[in-house]
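Quick look at data-v7.cif (mmCIF, C-alpha atoms (C1' of nucleotides)):
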```cif
data_start
#
loop_
_atom_site.label_atom_id
_atom_site.label_comp_id
_atom_site.auth_asym_id
_atom_site.auth_seq_id
_atom_site.Cartn_x
_atom_site.Cartn_y
_atom_site.Cartn_z
CA MET A 1 -223.39 95.70 -58.92
CA THR A 2 -225.47 92.63 -59.74
CA TYR A 3 -226.33 89.68 -57.56
CA THR A 4 -227.58 86.10 -57.95
CA ILE A 5 -230.60 84.85 -56.06
CA ALA A 6 -228.25 82.93 -53.74
CA GLN A 7 -226.34 86.10 -52.86
CA ILE A 8 -229.50 88.08 -52.13
CA SER A 9 -230.90 85.13 -50.23
CA GLU A 10 -227.84 85.06 -47.99
CA LYS A 11 -227.52 88.82 -47.65
CA PHE A 12 -231.08 89.20 -46.38
CA ASP A 13 -231.41 85.80 -44.73
CA VAL A 14 -234.48 85.06 -46.79
CA ALA A 15 -235.25 81.88 -48.78
CA ALA A 16 -234.77 81.99 -52.54
CA SER A 17 -238.37 80.81 -52.84
CA THR A 18 -239.43 83.88 -50.90
CA LEU A 19 -237.63 86.14 -53.37
CA ARG A 20 -239.44 84.40 -56.23
CA TYR A 21 -242.70 84.78 -54.31
CA TYR A 22 -242.10 88.52 -53.76
CA GLU A 23 -241.54 88.90 -57.48
CA GLU A 24 -244.68 86.91 -58.29
CA ILE A 25 -246.83 89.19 -56.13
CA GLY A 26 -245.16 92.32 -57.48
CA LEU A 27 -243.23 93.32 -54.37
CA LEU A 28 -239.99 93.01 -56.34
CA THR A 29 -240.13 94.26 -59.92
CA ASN A 30 -237.85 94.59 -62.94
CA VAL A 31 -235.74 91.58 -62.04
CA GLU A 32 -233.48 91.00 -65.06
CA ARG A 33 -232.49 87.56 -66.36
CA THR A 34 -229.35 86.01 -67.77
CA VAL A 35 -229.52 84.37 -71.21
CA ASN A 36 -230.34 81.17 -69.35
CA GLY A 37 -233.26 82.69 -67.50
CA ARG A 38 -231.57 83.12 -64.14
CA ARG A 39 -232.51 86.09 -62.00
CA VAL A 40 -230.14 89.03 -61.76
CA TYR A 41 -230.67 91.48 -58.92
CA SER A 42 -229.34 95.04 -58.80
CA ASP A 43 -228.54 97.52 -56.04
CA ALA A 44 -232.05 98.87 -56.53
CA HIS A 45 -233.34 95.47 -55.40
CA VAL A 46 -231.00 95.52 -52.42
CA GLY A 47 -232.48 98.90 -51.49
CA ARG A 48 -236.00 97.71 -51.89
CA LEU A 49 -235.37 94.61 -49.81
CA SER A 50 -233.92 96.76 -47.04
CA ALA A 51 -237.09 98.84 -47.14
CA ILE A 52 -239.24 95.69 -47.09
CA ASN A 53 -237.32 94.47 -44.02
CA CYS A 54 -237.90 97.78 -42.29
CA PHE A 55 -241.61 97.80 -43.11
CA LYS A 56 -242.03 94.26 -41.88
CA LYS A 57 -240.39 95.14 -38.57
CA ALA A 58 -242.73 98.12 -38.45
CA GLY A 59 -245.60 95.59 -38.51
CA MET A 60 -246.79 96.32 -42.03
CA SER A 61 -248.54 93.58 -44.00
CA ILE A 62 -247.39 92.69 -47.49
CA SER A 63 -250.37 94.48 -48.97
CA GLU A 64 -249.54 97.69 -47.08
CA ILE A 65 -245.95 97.44 -48.29
CA GLN A 66 -247.27 96.98 -51.82
CA ASP A 67 -249.37 100.09 -51.36
CA PHE A 68 -246.32 102.05 -50.25
CA PHE A 69 -244.35 101.13 -53.37
CA GLU A 70 -247.42 101.87 -55.48
CA TYR A 71 -247.74 105.35 -53.99
CA GLU A 72 -244.00 105.89 -54.40
CA LYS A 73 -244.33 105.51 -58.17
CA ASP A 74 -246.14 108.85 -58.42
CA GLU A 75 -245.40 110.82 -55.27
CA GLU A 76 -247.42 113.88 -56.28
CA LYS A 77 -250.54 112.02 -57.26
CA SER A 78 -250.45 109.72 -54.22
CA ILE A 79 -249.14 112.14 -51.62
CA ASP A 80 -252.33 112.07 -49.52
CA ASP A 81 -252.52 108.27 -49.49
CA MET A 82 -248.81 108.10 -48.70
CA MET A 83 -249.10 110.49 -45.76
CA ARG A 84 -252.14 108.61 -44.47
CA LEU A 85 -250.29 105.29 -44.65
CA LEU A 86 -247.18 106.62 -42.89
CA ARG A 87 -249.08 108.57 -40.22
CA ARG A 88 -251.28 105.60 -39.44
CA ARG A 89 -248.25 103.36 -39.20
CA SER A 90 -246.38 105.63 -36.81
CA GLU A 91 -249.49 105.89 -34.63
CA ILE A 92 -249.94 102.13 -34.57
CA MET A 93 -246.28 101.66 -33.68
CA LEU A 94 -246.55 104.07 -30.77
CA GLU A 95 -249.65 102.25 -29.47
CA GLU A 96 -247.86 98.96 -29.83
CA PHE A 97 -244.80 100.27 -28.01
CA ALA A 98 -247.02 101.21 -25.10
CA GLU A 99 -248.83 97.86 -25.06
CA SER A 100 -245.64 95.86 -25.46
CA TYR A 101 -244.09 97.78 -22.63
CA GLU A 102 -246.93 96.87 -20.31
CA SER A 103 -246.64 93.23 -21.28
CA TYR A 104 -242.90 93.41 -20.79
CA GLU A 105 -243.48 94.66 -17.25
CA HIS A 106 -245.75 91.70 -16.58
CA ILE A 107 -243.17 89.28 -17.92
CA LEU A 108 -240.57 90.85 -15.62
CA LYS A 109 -242.93 90.50 -12.67
CA LYS A 110 -243.39 86.85 -13.45
CA LEU A 111 -239.64 86.42 -13.85
CA ASP A 112 -239.13 87.93 -10.44
CA TYR A 113 -241.84 85.79 -8.88
CA TYR A 114 -240.56 82.54 -10.38
CA GLY A 115 -237.01 83.62 -9.60
CA HIS A 116 -237.90 83.41 -5.94
CA ILE A 117 -239.52 80.04 -6.43
CA GLU A 118 -236.43 78.81 -8.27
CA LYS A 119 -234.25 79.94 -5.40
CA ALA A 120 -236.52 78.28 -2.87
CA VAL A 121 -236.65 75.06 -4.86
CA LYS A 122 -232.86 74.98 -5.23
CA GLN A 123 -232.38 75.53 -1.52
CA LYS A 124 -235.01 72.87 -0.77
CA LYS A 125 -236.73 75.46 1.35
CA GLN A 126 -240.28 76.72 1.66
CA LEU A 127 -241.22 79.59 -0.58
CA PRO A 128 -241.07 82.68 1.62
CA LYS A 129 -244.28 84.66 1.93
CA TRP A 130 -242.58 87.91 1.10
CA ALA A 131 -241.68 86.77 -2.43
CA ASN A 132 -242.95 89.49 -4.69
CA TYR A 133 -242.09 92.00 -7.33
CA ARG A 134 -238.90 94.03 -6.91
CA ASN A 135 -235.33 94.47 -8.10
CA LYS A 136 -236.33 96.09 -11.35
CA ASP A 137 -233.38 95.68 -13.63
CA TYR A 138 -231.55 98.09 -15.83
CA HIS A 139 -233.62 97.47 -18.95
CA GLN A 140 -236.86 97.90 -17.18
CA GLN A 141 -235.78 101.16 -15.61
CA ALA A 142 -234.83 102.39 -19.04
CA LEU A 143 -238.12 101.34 -20.58
CA GLU A 144 -240.04 102.92 -17.74
CA THR A 145 -238.42 106.24 -18.45
CA ILE A 146 -239.68 106.24 -21.98
CA MET A 147 -243.15 105.09 -21.01
CA GLN A 148 -243.52 107.87 -18.48
CA ARG A 149 -242.68 110.36 -21.18
CA LEU A 150 -245.16 108.80 -23.57
CA LYS A 151 -247.88 108.93 -20.92
CA LYS A 152 -247.45 112.69 -20.52
CA ASP A 153 -248.71 113.03 -24.07
CA MET B 1 -268.98 86.30 -10.18
CA THR B 2 -270.04 84.34 -13.24
CA TYR B 3 -270.27 85.49 -16.84
CA THR B 4 -271.92 84.39 -20.08
CA ILE B 5 -269.92 83.93 -23.26
CA ALA B 6 -271.40 87.22 -24.55
CA GLN B 7 -270.17 89.11 -21.50
CA ILE B 8 -266.66 87.69 -21.72
CA SER B 9 -266.68 88.26 -25.47
CA GLU B 10 -267.48 91.93 -24.94
CA LYS B 11 -265.18 92.41 -21.96
CA PHE B 12 -262.15 91.13 -23.86
CA ASP B 13 -263.22 92.20 -27.33
CA VAL B 14 -262.85 88.65 -28.59
CA ALA B 15 -265.34 86.63 -30.67
CA ALA B 16 -267.42 84.01 -28.87
CA SER B 17 -266.12 81.51 -31.41
CA THR B 18 -262.60 82.35 -30.27
CA LEU B 19 -263.52 81.58 -26.68
CA ARG B 20 -264.91 78.21 -27.77
CA TYR B 21 -261.76 77.65 -29.80
CA TYR B 22 -259.53 78.47 -26.80
CA GLU B 23 -261.46 75.93 -24.77
CA GLU B 24 -261.18 73.34 -27.51
CA ILE B 25 -257.39 73.64 -27.61
CA GLY B 26 -257.13 73.67 -23.81
CA LEU B 27 -256.14 77.30 -23.33
CA LEU B 28 -259.28 77.80 -21.23
CA THR B 29 -260.19 74.94 -18.91
CA ASN B 30 -262.89 74.04 -16.39
CA VAL B 31 -265.60 76.06 -18.09
CA GLU B 32 -268.84 75.16 -16.29
CA ARG B 33 -272.21 74.76 -18.01
CA THR B 34 -275.80 75.69 -17.17
CA VAL B 35 -278.46 72.94 -17.23
CA ASN B 36 -278.97 73.86 -20.87
CA GLY B 37 -275.33 73.42 -21.76
CA ARG B 38 -274.42 77.09 -21.95
CA ARG B 39 -270.94 78.13 -20.89
CA VAL B 40 -270.45 79.82 -17.52
CA TYR B 41 -267.20 81.69 -16.97
CA SER B 42 -265.74 82.63 -13.58
CA ASP B 43 -263.32 85.28 -12.34
CA ALA B 44 -260.59 82.69 -12.76
CA HIS B 45 -261.35 82.74 -16.49
CA VAL B 46 -261.26 86.52 -16.50
CA GLY B 47 -257.81 86.31 -14.91
CA ARG B 48 -256.61 83.77 -17.39
CA LEU B 49 -257.88 85.79 -20.33
CA SER B 50 -256.05 88.85 -19.04
CA ALA B 51 -252.90 86.78 -18.88
CA ILE B 52 -253.51 85.45 -22.41
CA ASN B 53 -253.93 89.03 -23.65
CA CYS B 54 -250.68 90.04 -22.02
CA PHE B 55 -248.80 87.06 -23.45
CA LYS B 56 -250.14 87.73 -26.93
CA LYS B 57 -248.98 91.34 -26.73
CA ALA B 58 -245.64 89.98 -25.58
CA GLY B 59 -245.49 88.12 -28.92
CA MET B 60 -246.04 84.63 -27.53
CA SER B 61 -247.63 82.00 -29.76
CA ILE B 62 -250.60 80.01 -28.52
CA SER B 63 -248.40 76.99 -27.99
CA GLU B 64 -245.99 79.00 -25.81
CA ILE B 65 -248.93 80.31 -23.79
CA GLN B 66 -250.14 76.73 -23.41
CA ASP B 67 -246.68 75.79 -22.17
CA PHE B 68 -246.79 78.58 -19.59
CA PHE B 69 -250.09 77.39 -18.14
CA GLU B 70 -248.79 73.82 -18.20
CA TYR B 71 -245.70 74.80 -16.23
CA GLU B 72 -247.84 76.84 -13.85
CA LYS B 73 -249.73 73.70 -12.80
CA ASP B 74 -246.68 72.40 -10.97
CA GLU B 75 -244.35 75.30 -10.31
CA GLU B 76 -241.73 73.28 -8.46
CA LYS B 77 -241.45 70.53 -11.05
CA SER B 78 -241.44 72.94 -14.02
CA ILE B 79 -239.47 75.79 -12.51
CA ASP B 80 -236.53 75.41 -14.93
CA ASP B 81 -238.75 75.30 -18.01
CA MET B 82 -240.73 78.24 -16.67
CA MET B 83 -237.62 80.35 -16.10
CA ARG B 84 -236.31 79.43 -19.55
CA LEU B 85 -239.60 80.45 -21.18
CA LEU B 86 -239.81 83.78 -19.35
CA ARG B 87 -236.12 84.66 -19.79
CA ARG B 88 -236.24 83.88 -23.49
CA ARG B 89 -239.37 85.95 -23.88
CA SER B 90 -237.94 89.00 -22.13
CA GLU B 91 -234.81 88.73 -24.28
CA ILE B 92 -236.85 88.48 -27.48
CA MET B 93 -238.94 91.48 -26.43
CA LEU B 94 -235.86 93.58 -25.83
CA GLU B 95 -234.46 92.63 -29.25
CA GLU B 96 -237.79 93.47 -30.82
CA PHE B 97 -237.94 96.82 -29.03
CA ALA B 98 -234.59 97.69 -30.55
CA GLU B 99 -235.58 96.55 -34.05
CA SER B 100 -238.96 98.24 -33.91
CA TYR B 101 -237.34 101.44 -32.76
CA GLU B 102 -235.05 101.46 -35.79
CA SER B 103 -238.00 100.87 -38.10
CA TYR B 104 -239.93 103.60 -36.32
CA GLU B 105 -237.07 106.00 -37.03
CA HIS B 106 -237.23 105.10 -40.71
CA ILE B 107 -240.98 105.65 -40.81
CA LEU B 108 -240.47 109.08 -39.23
CA LYS B 109 -237.82 109.91 -41.81
CA LYS B 110 -240.22 109.01 -44.58
CA LEU B 111 -242.97 111.03 -42.92
CA ASP B 112 -240.69 114.01 -42.83
CA TYR B 113 -239.62 113.54 -46.45
CA TYR B 114 -243.17 113.14 -47.75
CA GLY B 115 -244.28 115.97 -45.49
CA HIS B 116 -242.10 118.28 -47.52
CA ILE B 117 -243.48 116.89 -50.75
CA GLU B 118 -247.01 117.37 -49.47
CA LYS B 119 -246.25 120.97 -48.64
CA ALA B 120 -244.68 121.53 -52.04
CA VAL B 121 -247.60 119.88 -53.83
CA LYS B 122 -250.13 121.96 -51.89
CA GLN B 123 -248.27 125.16 -52.67
CA LYS B 124 -247.94 124.09 -56.32
CA LYS B 125 -244.24 124.68 -55.92
CA GLN B 126 -241.13 122.73 -56.80
CA LEU B 127 -239.86 120.36 -54.15
CA PRO B 128 -236.94 122.20 -52.52
CA LYS B 129 -233.57 120.45 -52.68
CA TRP B 130 -232.97 120.83 -48.97
CA ALA B 131 -235.95 118.58 -48.09
CA ASN B 132 -234.58 116.09 -45.66
CA TYR B 133 -234.86 114.58 -42.24
CA ARG B 134 -235.36 116.89 -39.27
CA ASN B 135 -237.85 118.22 -36.72
CA LYS B 136 -237.81 115.04 -34.70
CA ASP B 137 -240.98 115.07 -32.72
CA TYR B 138 -241.63 114.53 -29.07
CA HIS B 139 -242.29 110.80 -29.32
CA GLN B 140 -239.17 110.15 -31.24
CA GLN B 141 -237.04 112.07 -28.78
CA ALA B 142 -238.52 110.01 -26.00
CA LEU B 143 -237.91 106.75 -27.81
CA GLU B 144 -234.38 107.79 -28.62
CA THR B 145 -233.63 108.25 -24.96
CA ILE B 146 -234.59 104.72 -24.17
CA MET B 147 -232.71 103.31 -27.13
CA GLN B 148 -229.52 105.06 -26.14
CA ARG B 149 -229.79 103.52 -22.72
CA LEU B 150 -230.39 100.09 -24.17
CA LYS B 151 -227.37 100.45 -26.42
CA LYS B 152 -225.08 101.06 -23.45
CA ASP B 153 -225.81 97.50 -22.39
"C1'" DA C 1 -298.46 80.64 -30.53
"C1'" DT C 2 -294.95 82.45 -33.02
"C1'" DA C 3 -290.82 84.73 -33.88
"C1'" DA C 4 -286.51 86.59 -32.57
"C1'" DT C 5 -282.38 86.03 -29.92
"C1'" DA C 6 -278.72 83.58 -27.81
"C1'" DC C 7 -276.64 79.97 -27.38
"C1'" DT C 8 -274.87 74.80 -28.75
"C1'" DT C 9 -271.96 71.34 -31.88
"C1'" DA C 10 -268.79 69.46 -35.52
"C1'" DA C 11 -266.74 70.40 -39.51
"C1'" DA C 12 -265.25 73.11 -43.10
"C1'" DG C 13 -263.37 77.47 -44.59
"C1'" DT C 14 -260.32 81.67 -44.48
"C1'" DA C 15 -256.22 84.83 -44.48
"C1'" DC C 16 -251.59 85.50 -44.48
"C1'" DA C 17 -247.02 84.53 -45.74
"C1'" DC C 18 -244.57 81.68 -47.22
"C1'" DT C 19 -242.56 76.63 -48.40
"C1'" DT C 20 -242.28 72.41 -50.71
"C1'" DT C 21 -242.60 69.43 -54.59
"C1'" DA C 22 -241.84 67.72 -59.12
"C1'" DA C 23 -239.99 68.08 -63.34
"C1'" DG C 24 -236.78 70.34 -66.15
"C1'" DT C 25 -232.47 73.29 -67.88
"C1'" DC C 26 -227.79 74.54 -67.93
"C1'" DA C 27 -222.76 75.07 -66.70
"C1'" DA C 28 -218.76 73.30 -64.47
"C1'" DC C 29 -215.91 69.71 -62.83
"C1'" DA C 30 -213.83 64.67 -62.43
"C1'" DT D 1 -219.16 61.72 -70.52
"C1'" DG D 2 -221.68 61.85 -66.72
"C1'" DT D 3 -223.07 63.68 -62.59
"C1'" DT D 4 -223.36 67.36 -59.32
"C1'" DG D 5 -225.19 71.72 -58.08
"C1'" DA D 6 -227.61 75.87 -58.90
"C1'" DC D 7 -231.01 77.47 -60.89
"C1'" DT D 8 -236.02 77.49 -63.46
"C1'" DT D 9 -241.47 76.84 -63.45
"C1'" DA D 10 -246.32 75.96 -61.90
"C1'" DA D 11 -248.89 74.06 -58.62
"C1'" DA D 12 -249.86 72.19 -54.38
"C1'" DG D 13 -248.96 72.18 -49.46
"C1'" DT D 14 -248.04 74.20 -44.67
"C1'" DG D 15 -248.74 76.53 -40.13
"C1'" DT D 16 -251.01 79.75 -37.28
"C1'" DA D 17 -255.00 81.51 -35.47
"C1'" DC D 18 -259.00 81.95 -35.94
"C1'" DT D 19 -263.96 82.33 -38.45
"C1'" DT D 20 -267.88 80.69 -40.71
"C1'" DT D 21 -271.43 77.49 -41.70
"C1'" DA D 22 -275.22 74.48 -40.90
"C1'" DA D 23 -278.25 72.39 -38.10
"C1'" DG D 24 -280.24 72.25 -33.67
"C1'" DT D 25 -282.02 73.74 -28.77
"C1'" DA D 26 -283.69 76.85 -25.38
"C1'" DT D 27 -285.27 81.37 -23.57
"C1'" DT D 28 -287.60 85.77 -24.20
"C1'" DA D 29 -290.73 89.12 -26.42
"C1'" DT D 30 -294.97 90.24 -28.98
#
```
Could I get this structure in the form of structure tokens?
Amino acid sequence: MTYTIAQISEKFDVAASTLRYYEEIGLLTNVERTVNGRRVYSDAHVGRLSAINCFKKAGMSISEIQDFFEYEKDEEKSIDDMMRLLRRRSEIMLEEFAESYESYEHILKKLDYYGHIEKAVKQKKQLPKWANYRNKDYHQQALETIMQRLKKD
Amino acid sequence: MTYTIAQISEKFDVAASTLRYYEEIGLLTNVERTVNGRRVYSDAHVGRLSAINCFKKAGMSISEIQDFFEYEKDEEKSIDDMMRLLRRRSEIMLEEFAESYESYEHILKKLDYYGHIEKAVKQKKQLPKWANYRNKDYHQQALETIMQRLKKD
DNA sequence: ATAATACTTAAAGTACACTTTAAGTCAACA
DNA sequence: TGTTGACTTAAAGTGTACTTTAAGTATTAT
């Protein structure tokens, strides 16, 4: 299959200018052209853009993503660099999971606290002194489970 | 207690210039001065910087953090805005947990794949055809547990 | 007394990842 | 035939969050 820039743009919810930019910096390569100079993308580009999406969600910078594709060109030669990049990334992600979880807990505490204030304001009452953190919800319970496991490590 | 800019800078691992910048944009307020014009931070500033750290890890932009502190000034008046901000943030965080988890899985798959290549390269052997994704490690198992729970929702 | 260190300011500079602009080409439709 | 719409390019511009620079003041150490 082949695709126009508009189709790829829609498929990945990314501006056409961004696709041109990715090509300019070498993140997308081998983009064919029609006789009129219009870009033609292939399934290989779809695959690469899916990978780019994944790497971005993994917190990788464009230059790290470029490195990955560079290493991928010659797996044997670059195997050490590749393993370093991937190991480092998985470590960073785990650290970030832990930190984000803590922040998430704080946000939930604040939500609970202001939830009591909201209730008090709506009832035109005084804020009760016992307003504090409780009623952990489903999501938080779930996240706590994982964090306890991670802490054992 | 009071603190110099150097002490706060070290405590929070943030450049002194960043602390001045935060003050300039109103993220830190009421910073006292010595007779010589040097900044003097209090425990209130320590508290605020901890909150800023938490909000940044929660993915909030500086302007959202500014909004939070603005709303905090008059809880009753701003209670609706405050609840909106916190609810939105917790929702975004949950979405991001889910997306990050998927990306993390992909990174682990790649680690496993290149792990086999590494082994093959080191043994100067051919890459076996059966090289694929398995041996999920402890962290991934743990993360999977949480994700399955989140998906039930 | 002199030199190093730690701060101060305002303004300019940086890094990252796009995004917009301006001018032009080409194909399809009324 | 003309005009609309989708593309093209190179270059300049944008937003976020700092960071650096340059020039100056004050405290501390030798």
List the spatial neighbours of DA10 of chain D as a ChimeraX atom specification - criterion: any atom at most 12 Å away, only C-alpha atoms (C1' of nucleotides), same-chain residues fewer than 2 positions off excluded.
/A:24 /C:21-24 /D:8,12
Give the superposed chain A as a compact mmCIF listing (two decimals) with C-alpha atoms, in the coordinates of the input, the fit being least squares on chain B over all ordered C-alpha pairs.
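To be explicit, this is the file written out as superposed_32.txt:
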```
# COMPACT_ATOMS: atom_id res chain seq x y z
CA MET A 1 -269.03 86.16 -10.08
CA THR A 2 -270.08 84.21 -13.17
CA TYR A 3 -270.33 85.35 -16.75
CA THR A 4 -271.98 84.25 -20.00
CA ILE A 5 -269.99 83.83 -23.18
CA ALA A 6 -271.50 87.10 -24.46
CA GLN A 7 -270.26 89.00 -21.40
CA ILE A 8 -266.74 87.59 -21.67
CA SER A 9 -266.79 88.19 -25.40
CA GLU A 10 -267.62 91.85 -24.85
CA LYS A 11 -265.30 92.33 -21.89
CA PHE A 12 -262.27 91.09 -23.81
CA ASP A 13 -263.38 92.16 -27.28
CA VAL A 14 -262.97 88.63 -28.54
CA ALA A 15 -265.45 86.58 -30.61
CA ALA A 16 -267.51 83.95 -28.82
CA SER A 17 -266.19 81.45 -31.36
CA THR A 18 -262.69 82.32 -30.24
CA LEU A 19 -263.58 81.53 -26.63
CA ARG A 20 -264.96 78.16 -27.74
CA TYR A 21 -261.79 77.61 -29.78
CA TYR A 22 -259.56 78.43 -26.78
CA GLU A 23 -261.48 75.89 -24.75
CA GLU A 24 -261.19 73.28 -27.50
CA ILE A 25 -257.40 73.63 -27.61
CA GLY A 26 -257.13 73.63 -23.82
CA LEU A 27 -256.17 77.27 -23.33
CA LEU A 28 -259.31 77.76 -21.23
CA THR A 29 -260.19 74.89 -18.92
CA ASN A 30 -262.85 73.97 -16.37
CA VAL A 31 -265.57 75.98 -18.05
CA GLU A 32 -268.79 75.03 -16.23
CA ARG A 33 -272.17 74.63 -17.93
CA THR A 34 -275.75 75.49 -17.07
CA VAL A 35 -278.34 72.69 -17.08
CA ASN A 36 -278.93 73.62 -20.71
CA GLY A 37 -275.29 73.23 -21.66
CA ARG A 38 -274.42 76.91 -21.83
CA ARG A 39 -270.95 78.01 -20.80
CA VAL A 40 -270.45 79.69 -17.45
CA TYR A 41 -267.21 81.58 -16.90
CA SER A 42 -265.75 82.52 -13.52
CA ASP A 43 -263.35 85.19 -12.28
CA ALA A 44 -260.60 82.61 -12.73
CA HIS A 45 -261.38 82.67 -16.46
CA VAL A 46 -261.32 86.46 -16.46
CA GLY A 47 -257.86 86.27 -14.90
CA ARG A 48 -256.64 83.75 -17.38
CA LEU A 49 -257.95 85.75 -20.31
CA SER A 50 -256.14 88.83 -19.02
CA ALA A 51 -252.96 86.78 -18.89
CA ILE A 52 -253.58 85.46 -22.41
CA ASN A 53 -254.02 89.05 -23.64
CA CYS A 54 -250.76 90.05 -22.01
CA PHE A 55 -248.88 87.08 -23.47
CA LYS A 56 -250.23 87.76 -26.92
CA LYS A 57 -249.07 91.37 -26.74
CA ALA A 58 -245.72 90.02 -25.59
CA GLY A 59 -245.57 88.16 -28.94
CA MET A 60 -246.11 84.67 -27.56
CA SER A 61 -247.71 82.03 -29.77
CA ILE A 62 -250.67 80.03 -28.54
CA SER A 63 -248.45 77.01 -28.00
CA GLU A 64 -246.04 79.02 -25.83
CA ILE A 65 -248.98 80.32 -23.82
CA GLN A 66 -250.18 76.74 -23.43
CA ASP A 67 -246.73 75.80 -22.19
CA PHE A 68 -246.83 78.58 -19.62
CA PHE A 69 -250.13 77.38 -18.16
CA GLU A 70 -248.82 73.82 -18.24
CA TYR A 71 -245.73 74.79 -16.26
CA GLU A 72 -247.88 76.82 -13.86
CA LYS A 73 -249.75 73.67 -12.84
CA ASP A 74 -246.69 72.36 -11.00
CA GLU A 75 -244.38 75.29 -10.34
CA GLU A 76 -241.73 73.25 -8.53
CA LYS A 77 -241.46 70.52 -11.11
CA SER A 78 -241.46 72.94 -14.06
CA ILE A 79 -239.49 75.79 -12.56
CA ASP A 80 -236.56 75.43 -14.98
CA ASP A 81 -238.79 75.32 -18.05
CA MET A 82 -240.78 78.26 -16.70
CA MET A 83 -237.68 80.38 -16.13
CA ARG A 84 -236.37 79.47 -19.58
CA LEU A 85 -239.65 80.48 -21.21
CA LEU A 86 -239.87 83.80 -19.35
CA ARG A 87 -236.19 84.70 -19.80
CA ARG A 88 -236.31 83.92 -23.49
CA ARG A 89 -239.45 86.00 -23.87
CA SER A 90 -238.01 89.04 -22.13
CA GLU A 91 -234.88 88.79 -24.29
CA ILE A 92 -236.92 88.54 -27.47
CA MET A 93 -239.02 91.53 -26.42
CA LEU A 94 -235.93 93.63 -25.81
CA GLU A 95 -234.54 92.70 -29.24
CA GLU A 96 -237.86 93.53 -30.81
CA PHE A 97 -238.02 96.87 -29.02
CA ALA A 98 -234.66 97.75 -30.50
CA GLU A 99 -235.62 96.63 -34.01
CA SER A 100 -239.02 98.31 -33.87
CA TYR A 101 -237.39 101.49 -32.73
CA GLU A 102 -235.09 101.52 -35.73
CA SER A 103 -238.01 100.93 -38.06
CA TYR A 104 -239.94 103.66 -36.30
CA GLU A 105 -237.08 106.06 -36.99
CA HIS A 106 -237.21 105.14 -40.67
CA ILE A 107 -240.95 105.71 -40.79
CA LEU A 108 -240.44 109.13 -39.21
CA LYS A 109 -237.78 109.95 -41.78
CA LYS A 110 -240.15 109.04 -44.55
CA LEU A 111 -242.91 111.08 -42.92
CA ASP A 112 -240.61 114.06 -42.83
CA TYR A 113 -239.53 113.57 -46.43
CA TYR A 114 -243.07 113.19 -47.76
CA GLY A 115 -244.19 116.03 -45.50
CA HIS A 116 -241.99 118.32 -47.54
CA ILE A 117 -243.34 116.91 -50.76
CA GLU A 118 -246.89 117.41 -49.51
CA LYS A 119 -246.12 121.01 -48.70
CA ALA A 120 -244.53 121.56 -52.09
CA VAL A 121 -247.43 119.91 -53.88
CA LYS A 122 -249.98 121.99 -51.97
CA GLN A 123 -248.12 125.19 -52.76
CA LYS A 124 -247.80 124.12 -56.41
CA LYS A 125 -244.10 124.70 -56.05
CA GLN A 126 -241.00 122.73 -56.91
CA LEU A 127 -239.73 120.40 -54.24
CA PRO A 128 -236.82 122.23 -52.61
CA LYS A 129 -233.47 120.46 -52.74
CA TRP A 130 -232.89 120.90 -49.05
CA ALA A 131 -235.87 118.70 -48.12
CA ASN A 132 -234.50 116.16 -45.72
CA TYR A 133 -234.75 114.65 -42.30
CA ARG A 134 -235.23 116.98 -39.33
CA ASN A 135 -237.72 118.29 -36.80
CA LYS A 136 -237.68 115.14 -34.74
CA ASP A 137 -240.85 115.21 -32.73
CA TYR A 138 -241.54 114.65 -29.10
CA HIS A 139 -242.18 110.92 -29.36
CA GLN A 140 -239.07 110.27 -31.28
CA GLN A 141 -236.94 112.19 -28.83
CA ALA A 142 -238.42 110.11 -26.06
CA LEU A 143 -237.82 106.85 -27.87
CA GLU A 144 -234.27 107.86 -28.68
CA THR A 145 -233.54 108.34 -25.02
CA ILE A 146 -234.49 104.80 -24.24
CA MET A 147 -232.61 103.38 -27.20
CA GLN A 148 -229.42 105.13 -26.20
CA ARG A 149 -229.70 103.56 -22.79
CA LEU A 150 -230.32 100.14 -24.27
CA LYS A 151 -227.29 100.50 -26.52
CA LYS A 152 -225.01 101.10 -23.53
CA ASP A 153 -225.76 97.54 -22.48
```
List the residues selected by the PyMOL selection byres ((chain B) within 10 of (chain D)) in the file shown, writing them as a PDB file with C-alpha atoms, keeping the file's coordinate frame.
```
ATOM      1  CA  ALA B  15    -265.340  86.630 -30.670  1.00  0.00           C
ATOM      2  CA  SER B  17    -266.120  81.510 -31.410  1.00  0.00           C
ATOM      3  CA  THR B  18    -262.600  82.350 -30.270  1.00  0.00           C
ATOM      4  CA  TYR B  21    -261.760  77.650 -29.800  1.00  0.00           C
ATOM      5  CA  TYR B  22    -259.530  78.470 -26.800  1.00  0.00           C
ATOM      6  CA  ASN B  36    -278.970  73.860 -20.870  1.00  0.00           C
ATOM      7  CA  GLY B  37    -275.330  73.420 -21.760  1.00  0.00           C
ATOM      8  CA  ARG B  38    -274.420  77.090 -21.950  1.00  0.00           C
ATOM      9  CA  SER B  61    -247.630  82.000 -29.760  1.00  0.00           C
ATOM     10  CA  ILE B  62    -250.600  80.010 -28.520  1.00  0.00           C
TER      11      ILE B  62
END
```
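When only C-alpha atoms are used to compute distances to chain A, the closest of the residues B:Asp13, B:Asp81, B:Glu76, B:Glu64 turns out to be B:Glu76.
Selection check: the PyMOL selection byres ((chain C) within 12 of (chain B)) on the shown file gives DA6, DC7, DT8, DT9 and DA10 of chain C.
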For this file, the PyMOL selection byres ((chain A) within 8 of (chain B)) selects which residues, as a PyMOL selection string?
chain A and resi 54-55+57-58+75-76+79-80+82-83+86-87+89-90+93+97+99-100+102-104+106-108+110-111+114-115+117-118+121+139+142-143+145-146+149-150
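Atom pair atom CA of Glu23 of chain A / atom CA of Val46 of chain A: separated by 13.4 Å.
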